[in-house]
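The data block below is my_file-v3.txt; it holds compact mmCIF, C-alpha atoms.
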```txt
# COMPACT_ATOMS: atom_id res chain seq x y z
CA MET A 1 -45.46 -4.07 52.53
CA LYS A 2 -44.61 -5.89 55.75
CA ASN A 3 -48.00 -7.60 55.76
CA TYR A 4 -47.52 -8.59 52.13
CA VAL A 5 -44.16 -10.23 52.87
CA GLN A 6 -45.67 -12.09 55.81
CA SER A 7 -48.45 -13.37 53.57
CA ILE A 8 -45.94 -14.66 51.01
CA VAL A 9 -43.93 -16.42 53.72
CA LEU A 10 -47.10 -18.01 55.12
CA LEU A 11 -48.13 -19.14 51.64
CA LEU A 12 -44.75 -20.79 51.07
CA ALA A 13 -44.88 -22.51 54.47
CA VAL A 14 -48.34 -23.93 53.80
CA THR A 15 -47.22 -25.15 50.37
CA ILE A 16 -44.22 -26.97 51.83
CA ILE A 17 -46.26 -28.58 54.59
CA THR A 18 -49.07 -29.74 52.30
CA SER A 19 -46.59 -31.05 49.75
CA CYS A 20 -44.99 -33.48 52.20
CA ALA A 21 -45.83 -37.12 51.56
CA SER A 22 -45.37 -40.09 53.86
CA ARG A 23 -43.72 -43.42 52.96
CA LYS A 24 -47.13 -45.07 53.00
CA GLU A 25 -48.29 -42.80 50.19
CA VAL A 26 -45.41 -43.25 47.76
CA VAL A 27 -43.77 -46.69 48.13
CA TYR A 28 -44.76 -49.65 45.93
CA PHE A 29 -44.95 -53.26 47.21
CA GLN A 30 -45.00 -52.17 50.86
CA ASP A 31 -45.98 -55.59 52.23
CA THR A 32 -43.15 -57.60 50.67
CA GLY A 33 -40.40 -59.21 52.74
CA ASP A 34 -36.77 -60.09 52.00
CA PHE A 35 -36.36 -63.06 49.66
CA GLU A 36 -40.13 -63.48 49.55
CA THR A 37 -41.60 -65.28 46.55
CA LEU A 38 -45.08 -64.93 45.14
CA VAL A 39 -46.39 -67.24 42.43
CA ASN A 40 -48.18 -65.23 39.78
CA ASN A 41 -51.32 -67.18 38.94
CA ASN A 42 -52.69 -64.40 36.78
CA ASP A 43 -53.81 -66.28 33.64
CA PHE A 44 -54.37 -63.14 31.58
CA VAL A 45 -54.37 -63.66 27.81
CA SER A 46 -54.93 -60.82 25.36
CA LYS A 47 -57.99 -61.11 23.11
CA PHE A 48 -58.79 -59.47 19.81
CA LYS A 49 -61.42 -56.72 19.83
CA VAL A 50 -63.52 -54.82 17.32
CA ASP A 51 -61.44 -52.21 15.41
CA ASP A 52 -58.18 -54.07 16.03
CA LEU A 53 -55.70 -54.00 13.17
CA VAL A 54 -54.18 -57.46 12.83
CA SER A 55 -51.22 -58.58 10.73
CA ILE A 56 -51.37 -62.22 9.60
CA HIS A 57 -48.67 -63.82 7.47
CA ILE A 58 -48.89 -67.39 6.22
CA SER A 59 -45.84 -69.27 5.00
CA SER A 60 -44.97 -72.89 4.24
CA LEU A 61 -42.35 -75.08 2.59
CA ASN A 62 -44.15 -74.35 -0.69
CA PRO A 63 -44.14 -70.54 -1.17
CA GLU A 64 -46.40 -70.75 -4.23
CA ALA A 65 -49.04 -72.66 -2.29
CA SER A 66 -49.08 -70.16 0.59
CA ALA A 67 -48.96 -67.02 -1.60
CA PRO A 68 -52.77 -66.78 -2.13
CA PHE A 69 -53.27 -66.44 1.64
CA ASN A 70 -51.22 -63.24 1.88
CA LEU A 71 -52.49 -59.93 0.52
CA PHE A 72 -50.05 -57.28 -0.69
CA ARG A 73 -50.45 -53.80 -2.13
CA GLY A 74 -48.04 -51.64 -4.10
CA ALA A 75 -46.45 -54.44 -6.12
CA GLY A 76 -45.66 -53.42 -9.68
CA GLU A 77 -46.64 -49.76 -9.17
CA GLY A 78 -43.65 -47.75 -10.34
CA GLY A 79 -41.19 -50.18 -8.80
CA MET A 80 -42.70 -49.80 -5.34
CA GLN A 81 -41.98 -52.58 -2.87
CA ALA A 82 -45.03 -54.68 -2.01
CA GLU A 83 -46.54 -54.06 1.41
CA GLN A 84 -48.62 -56.66 3.20
CA VAL A 85 -52.20 -55.69 3.97
CA ASP A 86 -53.41 -55.83 7.58
CA TYR A 87 -56.88 -56.97 8.59
CA LEU A 88 -59.34 -54.70 10.38
CA VAL A 89 -61.73 -56.45 12.77
CA ASP A 90 -65.19 -55.19 11.75
CA GLN A 91 -68.18 -54.44 13.98
CA ALA A 92 -69.25 -58.08 13.76
CA GLY A 93 -65.84 -59.12 15.10
CA GLU A 94 -64.83 -60.64 11.76
CA ILE A 95 -62.07 -60.33 9.17
CA ASP A 96 -62.30 -61.25 5.50
CA PHE A 97 -59.45 -63.69 4.90
CA PRO A 98 -58.28 -64.69 1.41
CA VAL A 99 -59.70 -67.94 0.00
CA ILE A 100 -61.19 -68.95 3.39
CA GLY A 101 -63.62 -66.03 3.67
CA LYS A 102 -65.09 -64.54 6.86
CA LEU A 103 -63.47 -65.47 10.16
CA LYS A 104 -64.81 -64.36 13.52
CA ILE A 105 -61.76 -63.51 15.63
CA SER A 106 -63.15 -61.09 18.21
CA GLY A 107 -62.70 -62.69 21.63
CA LEU A 108 -59.95 -65.04 20.44
CA SER A 109 -56.37 -64.97 21.69
CA PRO A 110 -53.48 -65.04 19.17
CA ASP A 111 -52.91 -68.74 19.95
CA GLU A 112 -56.59 -69.52 19.44
CA LEU A 113 -56.53 -67.68 16.12
CA ARG A 114 -53.47 -69.69 15.04
CA THR A 115 -55.30 -72.90 15.86
CA LEU A 116 -58.38 -71.76 13.92
CA LEU A 117 -56.33 -70.77 10.88
CA ARG A 118 -54.34 -74.01 10.97
CA GLU A 119 -57.61 -75.98 10.88
CA ARG A 120 -59.06 -73.92 8.04
CA LEU A 121 -55.84 -74.09 6.03
CA SER A 122 -55.37 -77.84 6.43
CA ASP A 123 -57.05 -78.52 3.06
CA TYR A 124 -54.59 -76.21 1.29
CA LEU A 125 -51.27 -76.25 3.14
CA LYS A 126 -49.15 -78.75 5.02
CA ASP A 127 -47.69 -77.53 8.31
CA PRO A 128 -48.21 -73.79 7.68
CA ILE A 129 -46.25 -71.24 9.69
CA ILE A 130 -48.61 -68.56 10.98
CA ASN A 131 -47.31 -65.23 12.28
CA ILE A 132 -49.84 -62.96 13.97
CA ARG A 133 -49.28 -59.47 15.33
CA LEU A 134 -51.62 -56.81 16.70
CA GLN A 135 -50.60 -53.61 14.93
CA ASN A 136 -52.52 -50.97 16.91
CA PHE A 137 -51.79 -52.04 20.49
CA THR A 138 -51.59 -48.80 22.46
CA VAL A 139 -52.25 -47.77 26.06
CA THR A 140 -52.94 -44.27 27.37
CA VAL A 141 -51.59 -43.05 30.72
CA LEU A 142 -53.03 -39.83 32.17
CA GLY A 143 -53.01 -37.83 35.40
CA GLU A 144 -50.19 -37.57 37.92
CA VAL A 145 -47.40 -39.11 35.84
CA ASN A 146 -44.30 -37.43 34.49
CA ARG A 147 -45.02 -38.01 30.78
CA PRO A 148 -48.77 -38.50 30.16
CA GLY A 149 -49.64 -39.73 26.69
CA THR A 150 -50.53 -42.65 24.44
CA TYR A 151 -47.84 -45.30 24.00
CA PRO A 152 -47.47 -48.11 21.44
CA VAL A 153 -46.85 -51.59 22.80
CA ASN A 154 -44.45 -54.08 21.28
CA GLY A 155 -45.49 -57.64 22.02
CA GLU A 156 -48.72 -59.31 23.07
CA GLN A 157 -49.01 -57.99 26.63
CA ILE A 158 -47.88 -55.20 28.94
CA SER A 159 -48.28 -54.83 32.70
CA ILE A 160 -49.52 -51.66 34.34
CA LEU A 161 -46.05 -51.18 35.89
CA GLU A 162 -44.46 -51.27 32.43
CA ALA A 163 -47.03 -48.77 31.13
CA LEU A 164 -46.34 -46.41 34.03
CA GLY A 165 -42.63 -46.84 33.30
CA LEU A 166 -43.22 -45.64 29.74
CA ALA A 167 -44.95 -42.58 31.20
CA GLY A 168 -41.98 -41.80 33.45
CA ASP A 169 -43.57 -43.20 36.65
CA LEU A 170 -46.02 -41.47 38.98
CA THR A 171 -45.21 -38.05 40.33
CA ILE A 172 -44.80 -37.68 44.09
CA ARG A 173 -48.40 -36.41 44.16
CA GLY A 174 -49.97 -39.44 42.48
CA VAL A 175 -52.29 -41.72 44.46
CA ARG A 176 -50.71 -45.16 44.27
CA GLU A 177 -53.34 -47.22 46.08
CA ASN A 178 -56.26 -46.28 43.83
CA VAL A 179 -55.11 -46.20 40.19
CA LEU A 180 -58.01 -46.36 37.72
CA VAL A 181 -57.96 -48.52 34.59
CA ILE A 182 -60.68 -47.89 32.00
CA ARG A 183 -61.18 -50.83 29.65
CA ASP A 184 -63.35 -51.04 26.56
CA PHE A 185 -65.21 -54.20 25.58
CA ASN A 186 -66.72 -53.54 22.16
CA GLY A 187 -68.18 -50.19 23.19
CA THR A 188 -68.84 -50.98 26.87
CA LYS A 189 -66.57 -49.18 29.35
CA VAL A 190 -65.46 -51.13 32.40
CA TYR A 191 -63.81 -49.33 35.33
CA ASN A 192 -61.35 -51.14 37.61
CA ARG A 193 -59.00 -49.88 40.33
CA ILE A 194 -55.66 -51.32 41.40
CA ASP A 195 -53.51 -50.77 44.50
CA LEU A 196 -49.84 -50.40 43.56
CA THR A 197 -48.69 -50.41 47.19
CA THR A 198 -49.38 -54.12 47.72
CA LYS A 199 -47.69 -57.21 46.30
CA ASN A 200 -51.09 -58.65 45.46
CA MET A 201 -51.43 -56.14 42.62
CA VAL A 202 -50.20 -58.90 40.30
CA LYS A 203 -53.47 -60.77 40.94
CA SER A 204 -55.60 -57.87 39.75
CA PRO A 205 -57.58 -58.42 36.51
CA VAL A 206 -56.06 -55.17 35.21
CA PHE A 207 -52.44 -55.84 36.16
CA TYR A 208 -51.95 -56.76 32.51
CA LEU A 209 -53.40 -54.17 30.16
CA THR A 210 -55.25 -54.75 26.91
CA GLN A 211 -55.21 -52.64 23.76
CA ASN A 212 -56.69 -49.14 24.16
CA ASP A 213 -56.78 -49.31 27.97
CA VAL A 214 -56.63 -45.94 29.73
CA VAL A 215 -54.73 -45.65 33.03
CA TYR A 216 -55.56 -42.63 35.19
CA VAL A 217 -53.59 -41.60 38.28
CA GLU A 218 -55.46 -39.14 40.45
CA PRO A 219 -53.71 -36.45 42.54
CA ASN A 220 -53.45 -36.84 46.31
CA ARG A 221 -54.56 -34.18 48.79
CA SER A 222 -51.30 -32.27 48.59
CA GLY A 223 -51.58 -32.16 44.81
CA ILE A 224 -55.12 -30.82 44.95
CA THR A 225 -54.16 -28.30 47.66
CA ALA A 226 -51.07 -27.18 45.76
CA SER A 227 -53.15 -26.64 42.64
CA SER A 228 -55.61 -24.54 44.63
CA LEU A 229 -52.77 -22.56 46.21
CA ASP A 230 -51.16 -22.00 42.83
CA ASN A 231 -54.39 -20.48 41.54
CA ARG A 232 -54.75 -18.30 44.62
CA ALA A 233 -51.12 -17.23 44.41
CA ASN A 234 -51.56 -16.21 40.78
CA ILE A 235 -54.61 -14.14 41.70
CA ALA A 236 -52.75 -12.55 44.62
CA ILE A 237 -49.75 -11.71 42.44
CA SER A 238 -52.04 -10.16 39.81
CA ILE A 239 -53.77 -8.02 42.44
CA VAL A 240 -50.47 -6.93 44.02
CA SER A 241 -49.04 -6.07 40.59
CA LEU A 242 -52.12 -4.00 39.81
CA LEU A 243 -51.84 -2.17 43.15
CA ILE A 244 -48.13 -1.45 42.65
CA THR A 245 -48.72 -0.18 39.11
CA SER A 246 -51.59 2.02 40.28
CA THR A 247 -49.51 3.39 43.16
CA VAL A 248 -46.60 4.23 40.83
CA ILE A 249 -48.94 6.03 38.40
CA ILE A 250 -50.54 8.05 41.22
CA LEU A 251 -47.17 9.02 42.76
CA SER A 252 -45.77 10.05 39.37
CA ARG A 253 -48.63 12.48 38.88
CA GLN A 254 -48.12 14.24 42.23
```
What is this file in structure tokens?
Amino acid sequence: MKNYVQSIVLLLAVTIITSCASRKEVVYFQDTGDFETLVNNNDFVSKFKVDDLVSIHISSLNPEASAPFNLFRGAGEGGMQAEQVDYLVDQAGEIDFPVIGKLKISGLSPDELRTLLRERLSDYLKDPIINIRLQNFTVTVLGEVNRPGTYPVNGEQISILEALGLAGDLTIRGVRENVLVIRDFNGTKVYNRIDLTTKNMVKSPVFYLTQNDVVYVEPNRSGITASSLDNRANIAISIVSLLITSTVIILSRQ
């Protein structure tokens, strides 16, 4: 029994030691100074991709003239309120827009799509108001974060810091200087890594995330060691429990 207690104490000591993390491993923006400014020249602009679900609403001073360019469903069906139909970007990167026909929007930004629509609508409408919204903008955050999961994004862009904030931030065991971002370009996966401990993270091509990006935070050495120790501790506890049970059974039969 004495040896068993010593083993448990040793196991706890090793766990505490391996769980310790230094400032260098956990602090963001380590190389920033007081009142320091950094101009963000990151010119990231979100682009539409295949399988995006896009909401487009056209309005003008003449509602009757703009009505044919908006599709609705549910109108007149048992008093149901009409619901505007969204556009799915097909495998060719196109949407089928009323009256105008096929439009290739894959690779365009929302502003570029507004310009394209304004040009194509010029024969039908004067000064149209064009509202565009990406309906299925989500990012997935996995690994050593407090709330891993897939999160919807409101707006046209989100930074990796905001995405990690949605996931409850990194745990103390997350590797901050080597966060992986997996990005999909029409079926092609691109892997990028970003260092959250430096101010220059804002210059990274993945500082701003795009729809369906996956952010993965890997565990540091203490996290991997703790996981291994947890497994060993569970095995040890199972063995000790079996030995105690067997001993009790044997003694009760004497």
Interatomic distance, CA of Thr197 (chain A) to CA of Glu162 (chain A) (Å, one decimal):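 It comes out at 15.4 Å.
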Residue among A:Val202, A:Ile158, A:Ile105, A:Ala167 lying closest to Phe29 (chain A), counting all atoms listed in the file: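 Smallest separation from Phe29 (chain A) among the options: A:Val202.
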All residues 8 Å or closer to Pro152 (chain A), all atoms listed in the file, same chain fewer than 2 positions away omitted, as a ChimeraX atom specification: /A:136-139,150,154
Straight-line distance linking CA of Val27 (chain A) with CA of Lys199 (chain A), stated in Å to one decimal: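 Taking CA of Val27 (chain A) and CA of Lys199 (chain A), their separation equals 11.4 Å.
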Among the residues A:Leu108, A:Val85, A:Ile58, A:Leu209, the one that comes closest to Ser159 (chain A) [using all atoms listed in the file]: A:Leu209
Test item: residues at most 6 Å from Val217 (chain A), all atoms listed in the file, excluding those fewer than 2 positions along its chain, as a PyMOL selection string: chain A and resi 143-144+174+179
Best match for closeness to Val45 (chain A) among A:Asn178, A:Gln211, A:Thr140, A:Asn70, counting all atoms listed in the file: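 Nearest candidate to Val45 (chain A) out of A:Asn178, A:Gln211, A:Thr140, A:Asn70: A:Gln211.
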Shortest interatomic distance to Leu161 (chain A) - which of A:Lys104, A:Glu94, A:Glu119, A:Asp195, counting all atoms listed in the file: A:Asp195
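Comparing the minimum interatomic distances between Asn41 (chain A) and each of A:Gln157, A:Asn192, A:Ser204, A:Gln91, counting all atoms listed in the file, we find that A:Ser204 sits nearest.
Rounded to one decimal, CA of Pro98 (chain A) and CA of Ile132 (chain A) lie 15.2 Å from each other.
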Report the centre and edge lengths, in Å to one decimal, of an axis-aligned box enclosing every atom of region 204-211 of chain A listed in the file, padded by 4 Å on each side, as AutoDock Vina command-line options.
```
--center_x -54.8 --center_y -55.5 --center_z 31.8 --size_x 13.6 --size_y 13.8 --size_z 24.0
```
Selection: 10 Å around Val181 (chain A), only C-alpha atoms, excl. self and same-chain fewer than 5 positions, as a list in words: Thr140, Val141, Ile160, Val190, Tyr191, Asn192, Arg193, Ile194, Val206, Phe207, Leu209, Asp213, Val214, Val215, Tyr216 and Val217 of chain A
